Amino acid sequence: MSKPVWIFFYFLIALSPGFWGHAQTTVWDLPSDKNATKQAVRLYHNLKRLATKGFMFGHQDDLAYGVGWKYDRLTGSAGRSDIKDVTGDYPAVYGWELGHLEIDQPVNLDSVPFGRMQQLIRQGYERGGVITISWHLNNPLTGKTAWDPAAGTVASVLPGGSKHGFFKTWLDKIAAFMNGLKGSRGEFIPVIFRPYHELNGSWFWWGGKNCTPEEFKELWKFTVSYLRDEKKLHHLLYAYNTDRFSSVDEYLIKYPGNEWVDVIGFDIYQRSSPNDQFIADIGKMLTMLETIATENNKIPALTEFGGNMADTNWWTGTFLKGIGDHKISYVLGWRNAGVKTGGGFEFYVPYRDQLTAADFRQFYRDKKTFFQKEIGKEKIYQ
Ligand code: BMA
């Protein structure tokens, strides 16, 4: 072979996915942050690879509390998890929440101390789990909660807005928290950051008609570029997520563009829908989500869900059927708050002896579901 022909063949081989091993599908396929850390890039590739085989199961605040218990090192609840109480295994994905970090509280809006959260994040990561973090940040214009949809809030935090400088101090606190997430070798723990979620709903100040699509996109891009370029955080992947949606156009109306997003998802709660309706709804949305993910080279996920825990067979009879053969990376069950201080009782995954526990064990054994033990073997950061 002549030299130029030889070189040509060498490049063809080097560019083929097999040459680089299974962890990297293609050498040029990087997350939105082109300077992402090694571990974040590996996570990104492994999320994609595993999504072709099944989905990871996640739970919000899993290690911090469950129904009827709260993490307490002294009373022996360290290491406890409602998922583990039911299955003997931890979830594969751990969801955490930073609301109230921005207002300098020592605990988040659901009473989880931030210092402990960092330790628990590290535990989950060291077991090989995936970390995702949401942020129900207060309204920076009015000082009220995230659920205060006061007009003009998004505009006020954008460059040139009256709260822009103030808002940057909030992002500084997020950056400091993220910088505190390190593994045992001093490496940064990759995080799927999921700010401004349920963005098509009208209940949060960044949601629905409370801002224009252009304002939302600017908020998103500003946040990402501030954390990435200004604060130099390179261990974050970014998740864009809506609530229920009825068309691809609706899903994408506030989409900031492929260079700002890694994971795309939606949140869904069954509430009073009958099971058949829920199965149909989830299926329709997953079909649209998968199409968008394929066309835009993104990782699809069910970023939050809650079902009917009074239905004994809900996990295999409804949830698994809804997911069907759709290819998604992970699902995240929302928090098992139990009895809430302000009133109400809230939980979305079974706890010990809960009505759906036996069916959840069946769901756990399904070959499409991945929990900690299976994911740990995959070594997704290596
Ligand atoms: C909601 C509820 C609230 C909680 C909030 C933020 O869905 O679970 O109790 O404060 O999420 O985590």
# chains A, B, ... in the order shown; residues from 1 in each chain; ligands from 1
>>> residues_near_ligand(ligand="ligand 1", cutoff="8 Å", atoms="only C-alpha atoms and all ligand atoms", output="ChimeraX atom specification")
/A:97,99,109-110,136,334-335,337,340,346
>>> write_last_selection(atoms="N, CA and C atoms", output="PDB file, in the first residue's frame")
ATOM      1  N   GLU A  97     -31.155  17.971  45.864  1.00  0.00           N
ATOM      2  CA  GLU A  97     -31.845  19.236  45.613  1.00  0.00           C
ATOM      3  C   GLU A  97     -31.156  20.381  46.359  1.00  0.00           C
ATOM      4  N   GLY A  99     -32.309  23.727  46.566  1.00  0.00           N
ATOM      5  CA  GLY A  99     -33.137  24.881  46.960  1.00  0.00           C
ATOM      6  C   GLY A  99     -32.821  25.356  48.372  1.00  0.00           C
ATOM      7  N   LEU A 109     -34.573  23.075  51.217  1.00  0.00           N
ATOM      8  CA  LEU A 109     -35.999  23.318  51.495  1.00  0.00           C
ATOM      9  C   LEU A 109     -36.718  22.074  51.992  1.00  0.00           C
ATOM     10  N   ASP A 110     -36.072  20.924  51.868  1.00  0.00           N
ATOM     11  CA  ASP A 110     -36.655  19.699  52.414  1.00  0.00           C
ATOM     12  C   ASP A 110     -35.871  19.208  53.637  1.00  0.00           C
ATOM     13  N   HIS A 136     -34.766  24.079  43.237  1.00  0.00           N
ATOM     14  CA  HIS A 136     -35.999  24.861  43.389  1.00  0.00           C
ATOM     15  C   HIS A 136     -35.602  26.187  44.027  1.00  0.00           C
ATOM     16  N   TRP A 334     -39.687  10.451  42.756  1.00  0.00           N
ATOM     17  CA  TRP A 334     -39.537  11.613  43.641  1.00  0.00           C
ATOM     18  C   TRP A 334     -39.485  11.182  45.112  1.00  0.00           C
ATOM     19  N   ARG A 335     -39.362  12.096  45.994  1.00  0.00           N
ATOM     20  CA  ARG A 335     -38.909  11.837  47.366  1.00  0.00           C
ATOM     21  C   ARG A 335     -39.934  11.123  48.264  1.00  0.00           C
ATOM     22  N   ALA A 337     -40.985  11.602  51.360  1.00  0.00           N
ATOM     23  CA  ALA A 337     -40.990  12.543  52.486  1.00  0.00           C
ATOM     24  C   ALA A 337     -41.697  11.952  53.706  1.00  0.00           C
ATOM     25  N   LYS A 340     -45.300  15.162  56.252  1.00  0.00           N
ATOM     26  CA  LYS A 340     -44.572  16.419  56.071  1.00  0.00           C
ATOM     27  C   LYS A 340     -44.885  17.392  57.203  1.00  0.00           C
ATOM     28  N   GLU A 346     -46.312  12.181  51.739  1.00  0.00           N
ATOM     29  CA  GLU A 346     -45.829  12.106  50.360  1.00  0.00           C
ATOM     30  C   GLU A 346     -44.769  11.017  50.211  1.00  0.00           C
TER      31      GLU A 346
END
>>> select_by_dssp(residues="region 73-187 of chain A", states="alpha helix (DSSP H)", output="compact mmCIF listing (two decimals) with all heavy atoms, in the first residue's frame")
# COMPACT_ATOMS: atom_id res chain seq x y z
N ASP A 82 -34.89 3.56 51.54
CA ASP A 82 -36.15 2.81 51.39
C ASP A 82 -36.03 1.77 50.27
O ASP A 82 -36.56 0.67 50.37
CB ASP A 82 -37.33 3.77 51.11
CG ASP A 82 -37.88 4.38 52.41
OD1 ASP A 82 -37.50 3.92 53.51
OD2 ASP A 82 -38.68 5.33 52.31
N ILE A 83 -35.31 2.13 49.21
CA ILE A 83 -35.13 1.19 48.09
C ILE A 83 -34.36 -0.05 48.58
O ILE A 83 -34.70 -1.18 48.24
CB ILE A 83 -34.36 1.87 46.93
CG1 ILE A 83 -35.17 3.03 46.34
CG2 ILE A 83 -33.96 0.88 45.85
CD1 ILE A 83 -36.41 2.63 45.59
N LYS A 84 -33.36 0.18 49.42
CA LYS A 84 -32.57 -0.94 49.92
C LYS A 84 -33.40 -1.78 50.91
O LYS A 84 -33.29 -3.01 50.92
CB LYS A 84 -31.30 -0.41 50.60
CG LYS A 84 -30.39 -1.49 51.09
CD LYS A 84 -28.98 -0.96 51.26
CE LYS A 84 -28.06 -2.01 51.83
NZ LYS A 84 -28.10 -2.03 53.31
N ASP A 85 -34.21 -1.12 51.73
CA ASP A 85 -35.07 -1.87 52.65
C ASP A 85 -35.97 -2.85 51.89
O ASP A 85 -36.29 -3.92 52.37
CB ASP A 85 -35.98 -0.90 53.43
CG ASP A 85 -35.25 -0.22 54.59
OD1 ASP A 85 -34.07 -0.54 54.83
OD2 ASP A 85 -35.86 0.66 55.24
N VAL A 86 -36.37 -2.45 50.68
CA VAL A 86 -37.31 -3.26 49.91
C VAL A 86 -36.60 -4.30 49.03
O VAL A 86 -37.06 -5.42 48.89
CB VAL A 86 -38.23 -2.33 49.06
CG1 VAL A 86 -39.10 -3.14 48.10
CG2 VAL A 86 -39.11 -1.49 49.98
N THR A 87 -35.47 -3.90 48.44
CA THR A 87 -34.84 -4.79 47.44
C THR A 87 -33.50 -5.38 47.88
O THR A 87 -32.97 -6.28 47.24
CB THR A 87 -34.54 -4.01 46.12
OG1 THR A 87 -33.58 -2.99 46.43
CG2 THR A 87 -35.78 -3.38 45.54
N PHE A 114 -26.77 20.67 53.92
CA PHE A 114 -25.95 20.66 52.71
C PHE A 114 -24.63 19.90 52.88
O PHE A 114 -24.16 19.25 51.95
CB PHE A 114 -25.70 22.08 52.20
CG PHE A 114 -26.95 22.70 51.62
CD1 PHE A 114 -27.59 23.75 52.26
CD2 PHE A 114 -27.49 22.20 50.44
CE1 PHE A 114 -28.75 24.30 51.72
CE2 PHE A 114 -28.65 22.75 49.89
CZ PHE A 114 -29.29 23.80 50.55
N GLY A 115 -24.04 20.00 54.08
CA GLY A 115 -22.78 19.29 54.32
C GLY A 115 -22.98 17.78 54.23
O GLY A 115 -22.21 17.06 53.59
N ARG A 116 -24.07 17.33 54.85
CA ARG A 116 -24.35 15.89 54.80
C ARG A 116 -24.65 15.46 53.37
O ARG A 116 -24.25 14.39 52.91
CB ARG A 116 -25.53 15.56 55.71
CG ARG A 116 -25.88 14.07 55.66
CD ARG A 116 -26.95 13.71 56.64
NE ARG A 116 -26.62 14.18 57.96
CZ ARG A 116 -27.53 14.57 58.85
NH1 ARG A 116 -28.81 14.55 58.54
NH2 ARG A 116 -27.17 14.98 60.03
N MET A 117 -25.36 16.33 52.64
CA MET A 117 -25.69 16.01 51.25
C MET A 117 -24.41 15.74 50.46
O MET A 117 -24.33 14.78 49.69
CB MET A 117 -26.46 17.18 50.64
CG MET A 117 -27.17 16.86 49.35
SD MET A 117 -27.85 18.35 48.57
CE MET A 117 -29.12 18.84 49.69
N GLN A 118 -23.39 16.56 50.69
CA GLN A 118 -22.13 16.35 49.96
C GLN A 118 -21.53 14.99 50.31
O GLN A 118 -21.03 14.29 49.44
CB GLN A 118 -21.15 17.48 50.28
CG GLN A 118 -21.53 18.77 49.57
CD GLN A 118 -20.51 19.87 49.74
OE1 GLN A 118 -19.95 20.03 50.83
NE2 GLN A 118 -20.27 20.64 48.70
N GLN A 119 -21.61 14.63 51.60
CA GLN A 119 -21.06 13.31 52.00
C GLN A 119 -21.84 12.17 51.35
O GLN A 119 -21.28 11.19 50.88
CB GLN A 119 -21.17 13.12 53.52
CG GLN A 119 -20.22 13.95 54.32
CD GLN A 119 -20.64 13.99 55.80
OE1 GLN A 119 -21.55 13.30 56.23
NE2 GLN A 119 -19.96 14.84 56.58
N LEU A 120 -23.17 12.32 51.34
CA LEU A 120 -24.01 11.25 50.79
C LEU A 120 -23.86 11.15 49.27
O LEU A 120 -23.92 10.07 48.69
CB LEU A 120 -25.47 11.44 51.20
CG LEU A 120 -25.73 11.36 52.71
CD1 LEU A 120 -27.19 11.65 53.04
CD2 LEU A 120 -25.33 9.99 53.28
N ILE A 121 -23.63 12.29 48.64
CA ILE A 121 -23.37 12.28 47.19
C ILE A 121 -22.09 11.48 46.93
O ILE A 121 -22.03 10.64 46.03
CB ILE A 121 -23.24 13.73 46.66
CG1 ILE A 121 -24.63 14.38 46.60
CG2 ILE A 121 -22.55 13.77 45.29
CD1 ILE A 121 -24.65 15.84 46.20
N ARG A 122 -21.12 11.72 47.76
CA ARG A 122 -19.85 11.00 47.59
C ARG A 122 -20.03 9.49 47.79
O ARG A 122 -19.48 8.69 47.03
CB ARG A 122 -18.83 11.57 48.57
CG ARG A 122 -17.50 10.92 48.43
CD ARG A 122 -16.44 11.69 49.14
NE ARG A 122 -15.24 10.89 49.16
CZ ARG A 122 -14.12 11.27 49.73
NH1 ARG A 122 -14.04 12.44 50.31
NH2 ARG A 122 -13.07 10.49 49.72
N GLN A 123 -20.83 9.12 48.80
CA GLN A 123 -21.08 7.69 49.01
C GLN A 123 -21.70 7.03 47.79
O GLN A 123 -21.29 5.96 47.36
CB GLN A 123 -22.06 7.49 50.17
CG GLN A 123 -21.42 7.54 51.53
CD GLN A 123 -22.48 7.36 52.64
OE1 GLN A 123 -23.56 6.83 52.42
NE2 GLN A 123 -22.14 7.82 53.83
N GLY A 124 -22.71 7.68 47.23
CA GLY A 124 -23.40 7.13 46.06
C GLY A 124 -22.45 7.00 44.88
O GLY A 124 -22.44 6.01 44.16
N TYR A 125 -21.63 8.03 44.70
CA TYR A 125 -20.65 8.03 43.61
C TYR A 125 -19.62 6.93 43.79
O TYR A 125 -19.28 6.21 42.85
CB TYR A 125 -19.99 9.40 43.54
CG TYR A 125 -18.74 9.47 42.71
CD1 TYR A 125 -18.81 9.50 41.32
CD2 TYR A 125 -17.47 9.51 43.31
CE1 TYR A 125 -17.65 9.56 40.55
CE2 TYR A 125 -16.32 9.58 42.55
CZ TYR A 125 -16.41 9.60 41.16
OH TYR A 125 -15.27 9.66 40.41
N GLU A 126 -19.14 6.78 45.02
CA GLU A 126 -18.11 5.76 45.28
C GLU A 126 -18.65 4.35 45.03
O GLU A 126 -17.90 3.44 44.71
CB GLU A 126 -17.53 5.86 46.70
CG GLU A 126 -16.80 7.18 47.01
CD GLU A 126 -15.44 7.35 46.29
OE1 GLU A 126 -14.97 6.41 45.65
OE2 GLU A 126 -14.89 8.48 46.37
N THR A 153 -39.62 38.26 36.49
CA THR A 153 -38.51 37.72 37.29
C THR A 153 -37.33 37.29 36.41
O THR A 153 -36.18 37.66 36.68
CB THR A 153 -38.97 36.52 38.16
OG1 THR A 153 -40.09 36.95 38.94
CG2 THR A 153 -37.87 36.06 39.08
N VAL A 154 -37.62 36.54 35.35
CA VAL A 154 -36.50 36.07 34.51
C VAL A 154 -35.76 37.26 33.92
O VAL A 154 -34.52 37.34 33.99
CB VAL A 154 -36.99 35.08 33.41
CG1 VAL A 154 -35.85 34.74 32.45
CG2 VAL A 154 -37.53 33.81 34.06
N ALA A 155 -36.52 38.23 33.39
CA ALA A 155 -35.87 39.41 32.80
C ALA A 155 -34.97 40.10 33.83
O ALA A 155 -33.89 40.60 33.50
CB ALA A 155 -36.93 40.38 32.29
N SER A 156 -35.38 40.10 35.09
CA SER A 156 -34.60 40.81 36.12
C SER A 156 -33.23 40.19 36.40
O SER A 156 -32.32 40.88 36.86
CB SER A 156 -35.41 40.91 37.43
OG SER A 156 -35.33 39.70 38.15
N VAL A 157 -33.08 38.88 36.11
CA VAL A 157 -31.78 38.26 36.41
C VAL A 157 -30.84 38.21 35.19
O VAL A 157 -29.67 37.89 35.33
CB VAL A 157 -31.92 36.83 37.01
CG1 VAL A 157 -32.75 36.87 38.28
CG2 VAL A 157 -32.50 35.84 36.01
N HIS A 164 -29.43 41.14 38.24
CA HIS A 164 -28.40 40.32 37.59
C HIS A 164 -27.19 40.05 38.51
O HIS A 164 -26.77 38.90 38.67
CB HIS A 164 -27.94 40.99 36.29
CG HIS A 164 -26.92 40.18 35.55
ND1 HIS A 164 -27.19 38.92 35.07
CD2 HIS A 164 -25.63 40.43 35.24
CE1 HIS A 164 -26.11 38.43 34.49
NE2 HIS A 164 -25.14 39.32 34.58
N GLY A 165 -26.69 41.10 39.12
CA GLY A 165 -25.52 40.95 39.99
C GLY A 165 -25.86 40.05 41.18
O GLY A 165 -25.09 39.16 41.56
N PHE A 166 -27.04 40.29 41.74
CA PHE A 166 -27.50 39.49 42.88
C PHE A 166 -27.63 38.01 42.48
O PHE A 166 -27.21 37.10 43.20
CB PHE A 166 -28.86 40.06 43.31
CG PHE A 166 -29.52 39.30 44.43
CD1 PHE A 166 -28.91 39.19 45.68
CD2 PHE A 166 -30.77 38.70 44.24
CE1 PHE A 166 -29.53 38.49 46.72
CE2 PHE A 166 -31.39 38.00 45.27
CZ PHE A 166 -30.77 37.90 46.50
N PHE A 167 -28.18 37.78 41.30
CA PHE A 167 -28.37 36.41 40.82
C PHE A 167 -27.02 35.70 40.65
O PHE A 167 -26.89 34.51 40.94
CB PHE A 167 -29.14 36.44 39.49
CG PHE A 167 -29.52 35.07 39.01
CD1 PHE A 167 -30.37 34.26 39.75
CD2 PHE A 167 -29.03 34.57 37.81
CE1 PHE A 167 -30.72 32.99 39.32
CE2 PHE A 167 -29.36 33.29 37.38
CZ PHE A 167 -30.22 32.51 38.12
N LYS A 168 -26.02 36.44 40.22
CA LYS A 168 -24.69 35.82 40.07
C LYS A 168 -24.16 35.33 41.42
O LYS A 168 -23.48 34.31 41.48
CB LYS A 168 -23.71 36.82 39.44
CG LYS A 168 -23.96 36.99 37.94
CD LYS A 168 -22.75 37.46 37.18
CE LYS A 168 -22.50 38.92 37.42
NZ LYS A 168 -21.50 39.49 36.51
N THR A 169 -24.50 36.04 42.50
CA THR A 169 -24.03 35.57 43.82
C THR A 169 -24.69 34.22 44.17
O THR A 169 -24.11 33.40 44.86
CB THR A 169 -24.30 36.59 44.96
OG1 THR A 169 -25.72 36.70 45.18
CG2 THR A 169 -23.72 37.96 44.65
N TRP A 170 -25.89 34.01 43.65
CA TRP A 170 -26.56 32.71 43.86
C TRP A 170 -25.82 31.63 43.07
O TRP A 170 -25.60 30.53 43.57
CB TRP A 170 -28.03 32.79 43.40
CG TRP A 170 -28.91 33.52 44.37
CD1 TRP A 170 -28.52 34.31 45.42
CD2 TRP A 170 -30.35 33.52 44.38
NE1 TRP A 170 -29.62 34.80 46.08
CE2 TRP A 170 -30.75 34.33 45.46
CE3 TRP A 170 -31.33 32.92 43.59
CZ2 TRP A 170 -32.10 34.54 45.77
CZ3 TRP A 170 -32.67 33.13 43.90
CH2 TRP A 170 -33.05 33.94 44.97
N LEU A 171 -25.48 31.94 41.84
CA LEU A 171 -24.75 30.95 41.04
C LEU A 171 -23.38 30.66 41.64
O LEU A 171 -22.87 29.54 41.56
CB LEU A 171 -24.62 31.42 39.58
CG LEU A 171 -25.94 31.51 38.79
CD1 LEU A 171 -25.68 32.08 37.39
CD2 LEU A 171 -26.61 30.14 38.66
N ASP A 172 -22.79 31.67 42.27
CA ASP A 172 -21.49 31.46 42.94
C ASP A 172 -21.63 30.38 44.03
O ASP A 172 -20.73 29.57 44.23
CB ASP A 172 -20.99 32.75 43.60
CG ASP A 172 -20.57 33.80 42.57
OD1 ASP A 172 -20.33 33.43 41.40
OD2 ASP A 172 -20.50 34.99 42.94
N LYS A 173 -22.76 30.42 44.73
CA LYS A 173 -22.96 29.44 45.81
C LYS A 173 -23.17 28.03 45.24
O LYS A 173 -22.71 27.04 45.82
CB LYS A 173 -24.16 29.85 46.68
CG LYS A 173 -23.87 31.13 47.45
CD LYS A 173 -25.10 31.67 48.15
CE LYS A 173 -24.92 33.17 48.39
NZ LYS A 173 -26.07 33.79 49.03
N ILE A 174 -23.84 27.97 44.11
CA ILE A 174 -24.01 26.66 43.44
C ILE A 174 -22.63 26.14 43.02
O ILE A 174 -22.29 24.97 43.23
CB ILE A 174 -24.94 26.80 42.20
CG1 ILE A 174 -26.35 27.21 42.62
CG2 ILE A 174 -24.96 25.53 41.35
CD1 ILE A 174 -27.03 26.26 43.58
N ALA A 175 -21.82 27.05 42.46
CA ALA A 175 -20.48 26.64 42.00
C ALA A 175 -19.65 26.15 43.18
O ALA A 175 -18.95 25.13 43.07
CB ALA A 175 -19.80 27.83 41.32
N ALA A 176 -19.75 26.84 44.33
CA ALA A 176 -18.96 26.42 45.50
C ALA A 176 -19.38 25.03 45.97
O ALA A 176 -18.55 24.18 46.30
CB ALA A 176 -19.12 27.44 46.63
N PHE A 177 -20.69 24.77 45.96
CA PHE A 177 -21.18 23.45 46.37
C PHE A 177 -20.65 22.38 45.40
O PHE A 177 -20.16 21.34 45.83
CB PHE A 177 -22.72 23.44 46.37
CG PHE A 177 -23.31 22.13 46.81
CD1 PHE A 177 -23.62 21.89 48.14
CD2 PHE A 177 -23.54 21.10 45.88
CE1 PHE A 177 -24.16 20.66 48.55
CE2 PHE A 177 -24.06 19.87 46.28
CZ PHE A 177 -24.37 19.66 47.61
N MET A 178 -20.76 22.66 44.12
CA MET A 178 -20.32 21.68 43.10
C MET A 178 -18.80 21.44 43.22
O MET A 178 -18.34 20.32 43.05
CB MET A 178 -20.64 22.18 41.68
CG MET A 178 -22.13 22.38 41.41
SD MET A 178 -23.04 20.81 41.39
CE MET A 178 -24.63 21.36 40.74
N ASN A 179 -18.08 22.50 43.52
CA ASN A 179 -16.63 22.37 43.70
C ASN A 179 -16.26 21.51 44.90
O ASN A 179 -15.15 20.99 44.99
CB ASN A 179 -15.99 23.75 43.86
CG ASN A 179 -15.48 24.27 42.52
OD1 ASN A 179 -14.99 23.49 41.70
ND2 ASN A 179 -15.61 25.56 42.31
>>> residues_around(residues="Pro256 (chain A)", least_positions_apart="5", cutoff="7 Å", atoms="only C-alpha atoms", output="number ranges by chain")
A: 217, 220-221
>>> select_by_dssp(residues="region 19-195 of chain A", states="strand (DSSP E)", output="list of chain:residue names")
A:Phe55, A:Met56, A:Phe57, A:Gly58, A:His59, A:Gln60, A:Tyr65, A:Gly66, A:Trp69, A:Lys70, A:Val93, A:Tyr94, A:Gly95, A:Trp96, A:Glu97, A:Val130, A:Ile131, A:Thr132, A:Ile133, A:Ser134, A:Trp135, A:Val191, A:Ile192, A:Phe193, A:Arg194, A:Pro195
>>> write_last_selection(atoms="C-alpha atoms", output="tab-separated table (two decimals), in the first residue's frame")
chain	number	residue	atom	x	y	z
A	55	PHE	CA	-32.90	1.98	32.27
A	56	MET	CA	-31.38	2.94	35.60
A	57	PHE	CA	-33.63	3.41	38.58
A	58	GLY	CA	-33.19	6.58	40.60
A	59	HIS	CA	-34.67	8.06	43.75
A	60	GLN	CA	-34.65	11.57	45.16
A	65	TYR	CA	-34.52	9.97	54.70
A	66	GLY	CA	-37.47	7.71	53.92
A	69	TRP	CA	-36.88	7.57	59.28
A	70	LYS	CA	-34.21	10.18	58.80
A	93	VAL	CA	-29.24	7.14	40.33
A	94	TYR	CA	-29.35	9.51	43.29
A	95	GLY	CA	-31.33	12.74	43.05
A	96	TRP	CA	-30.51	15.73	45.29
A	97	GLU	CA	-31.84	19.24	45.61
A	130	VAL	CA	-25.09	8.51	39.05
A	131	ILE	CA	-25.75	11.88	40.70
A	132	THR	CA	-28.37	14.34	39.51
A	133	ILE	CA	-29.21	17.64	41.21
A	134	SER	CA	-32.25	19.89	40.89
A	135	TRP	CA	-32.67	23.43	42.17
A	191	VAL	CA	-23.29	15.73	38.22
A	192	ILE	CA	-26.29	15.89	35.92
A	193	PHE	CA	-27.48	19.39	36.85
A	194	ARG	CA	-31.20	19.92	36.28
A	195	PRO	CA	-32.07	23.55	36.96
>>> closest_residue(among="A:Gly322, A:Gly79, A:Gly68, A:Pro300", to="Thr52 (chain A)", atoms="only C-alpha atoms")
A:Pro300
>>> residues_around(residues="region 367-374 of chain A", least_positions_apart="4", cutoff="7 Å", atoms="only C-alpha atoms", output="compact mmCIF listing (two decimals) with N, CA and C atoms, in the first residue's frame")
# COMPACT_ATOMS: atom_id res chain seq x y z
N LYS A 53 -29.64 -0.78 26.55
CA LYS A 53 -29.90 -2.08 27.19
C LYS A 53 -31.05 -2.07 28.18
N GLY A 54 -31.26 -0.93 28.85
CA GLY A 54 -32.29 -0.86 29.88
C GLY A 54 -32.25 0.51 30.50
N PHE A 55 -32.94 0.67 31.64
CA PHE A 55 -32.90 1.98 32.27
C PHE A 55 -32.50 1.87 33.74
N MET A 56 -31.82 2.90 34.21
CA MET A 56 -31.38 2.94 35.60
C MET A 56 -32.52 3.47 36.46
N PHE A 57 -32.61 2.92 37.67
CA PHE A 57 -33.63 3.41 38.58
C PHE A 57 -33.02 4.41 39.55
N ASP A 89 -30.89 -3.62 47.65
CA ASP A 89 -29.95 -2.92 46.78
C ASP A 89 -30.29 -1.42 46.76
N TYR A 90 -29.28 -0.62 46.45
CA TYR A 90 -29.50 0.82 46.34
C TYR A 90 -29.96 1.18 44.93
N PRO A 91 -30.53 2.38 44.78
CA PRO A 91 -30.82 2.81 43.41
C PRO A 91 -29.53 3.05 42.64
N ALA A 92 -29.64 3.16 41.31
CA ALA A 92 -28.46 3.42 40.48
C ALA A 92 -28.23 4.92 40.32
N GLY A 129 -22.68 4.97 41.50
CA GLY A 129 -23.98 5.51 41.10
C GLY A 129 -23.88 6.84 40.38
N GLU A 378 -20.60 -1.93 35.96
CA GLU A 378 -20.34 -1.28 34.67
C GLU A 378 -19.21 -0.26 34.73
>>> atom_distance(atom1="CA of Gly333 (chain A)", atom2="CA of Pro350 (chain A)")
10.1 Å
>>> closest_residue(among="A:Ala150, A:Leu137, A:Ala64, A:Ile264", to="Asn210 (chain A)", atoms="only C-alpha atoms")
A:Ala150
>>> atom_distance(atom1="CA of Ile279 (chain A)", atom2="CA of Lys327 (chain A)")
15.5 Å
>>> residues_around(residues="Gly324 (chain A)", least_positions_apart="5", cutoff="10 Å", atoms="only C-alpha atoms", output="ChimeraX atom specification")
/A:279,282-283,286,318-319,368
>>> write_last_selection(atoms="N, CA, C and O atoms", output="compact mmCIF listing (two decimals), in the first residue's frame")
# COMPACT_ATOMS: atom_id res chain seq x y z
N ILE A 279 -50.44 4.82 31.04
CA ILE A 279 -49.57 4.01 30.16
C ILE A 279 -49.53 4.65 28.77
O ILE A 279 -48.46 4.81 28.17
N ILE A 282 -47.56 8.18 28.94
CA ILE A 282 -46.12 8.05 29.11
C ILE A 282 -45.51 7.53 27.80
O ILE A 282 -44.47 7.99 27.35
N GLY A 283 -46.21 6.58 27.16
CA GLY A 283 -45.73 6.02 25.89
C GLY A 283 -45.62 7.09 24.81
O GLY A 283 -44.62 7.18 24.10
N LEU A 286 -42.74 9.44 25.61
CA LEU A 286 -41.43 8.80 25.41
C LEU A 286 -41.11 8.66 23.92
O LEU A 286 -39.96 8.81 23.51
N THR A 318 -48.23 -1.20 35.48
CA THR A 318 -48.44 0.10 34.85
C THR A 318 -47.12 0.76 34.42
O THR A 318 -46.92 1.04 33.24
N PHE A 319 -46.23 0.96 35.36
CA PHE A 319 -45.01 1.73 35.03
C PHE A 319 -44.17 1.03 33.96
O PHE A 319 -43.79 1.62 32.95
N LYS A 368 -34.70 -5.27 32.33
CA LYS A 368 -34.54 -3.90 31.82
C LYS A 368 -34.20 -2.87 32.90
O LYS A 368 -33.81 -1.76 32.60
>>> atom_distance(atom1="CA of Lys48 (chain A)", atom2="CA of Tyr255 (chain A)")
20.4 Å
>>> closest_residue(among="A:Arg49, A:Lys38, A:Arg361, A:Lys254", to="Glu215 (chain A)", atoms="only C-alpha atoms")
A:Lys254
>>> residues_around(residues="Glu259 (chain A)", least_positions_apart="5", cutoff="10 Å", atoms="only C-alpha atoms", output="PDB file with N, CA and C atoms, in the first residue's frame")
ATOM      1  N   PRO A  31     -19.728  15.801  25.485  1.00  0.00           N
ATOM      2  CA  PRO A  31     -20.868  16.519  26.075  1.00  0.00           C
ATOM      3  C   PRO A  31     -20.857  17.997  25.656  1.00  0.00           C
ATOM      4  N   SER A  32     -21.867  18.739  26.104  1.00  0.00           N
ATOM      5  CA  SER A  32     -21.956  20.153  25.707  1.00  0.00           C
ATOM      6  C   SER A  32     -20.714  20.929  26.163  1.00  0.00           C
ATOM      7  N   ASP A  33     -20.136  20.523  27.278  1.00  0.00           N
ATOM      8  CA  ASP A  33     -18.896  21.148  27.746  1.00  0.00           C
ATOM      9  C   ASP A  33     -17.710  20.430  27.080  1.00  0.00           C
ATOM     10  N   LYS A  34     -17.094  21.101  26.145  1.00  0.00           N
ATOM     11  CA  LYS A  34     -16.005  20.458  25.387  1.00  0.00           C
ATOM     12  C   LYS A  34     -14.755  20.256  26.241  1.00  0.00           C
ATOM     13  N   LYS A 221     -28.692  29.782  28.929  1.00  0.00           N
ATOM     14  CA  LYS A 221     -27.340  29.944  28.369  1.00  0.00           C
ATOM     15  C   LYS A 221     -26.465  30.720  29.342  1.00  0.00           C
ATOM     16  N   ASN A 296     -31.126  14.929  17.916  1.00  0.00           N
ATOM     17  CA  ASN A 296     -30.222  15.947  18.464  1.00  0.00           C
ATOM     18  C   ASN A 296     -29.040  15.376  19.232  1.00  0.00           C
TER      19      ASN A 296
END
>>> closest_residue(among="A:Gly342, A:Gly180, A:Pro159, A:Gly265", to="His235 (chain A)", atoms="only C-alpha atoms")
A:Gly180
>>> decode(residues="region 221-235 of chain A", atoms="C-alpha atoms", output="short mmCIF file (atom, residue, chain, number, x, y, z; two decimals), in the first residue's frame")
data_model
loop_
_atom_site.label_atom_id
_atom_site.label_comp_id
_atom_site.auth_asym_id
_atom_site.auth_seq_id
_atom_site.Cartn_x
_atom_site.Cartn_y
_atom_site.Cartn_z
CA LYS A 221 -27.34 29.94 28.37
CA PHE A 222 -26.26 32.50 30.93
CA THR A 223 -26.38 29.90 33.72
CA VAL A 224 -24.41 27.31 31.75
CA SER A 225 -21.80 29.75 30.50
CA TYR A 226 -21.39 31.34 33.94
CA LEU A 227 -20.84 27.99 35.67
CA ARG A 228 -18.71 26.54 32.89
CA ASP A 229 -16.68 29.46 31.55
CA GLU A 230 -16.60 31.87 34.47
CA LYS A 231 -16.54 29.47 37.43
CA LYS A 232 -14.67 26.81 35.40
CA LEU A 233 -16.85 23.89 36.44
CA HIS A 234 -16.24 21.04 34.04
CA HIS A 235 -17.89 18.14 35.84
#
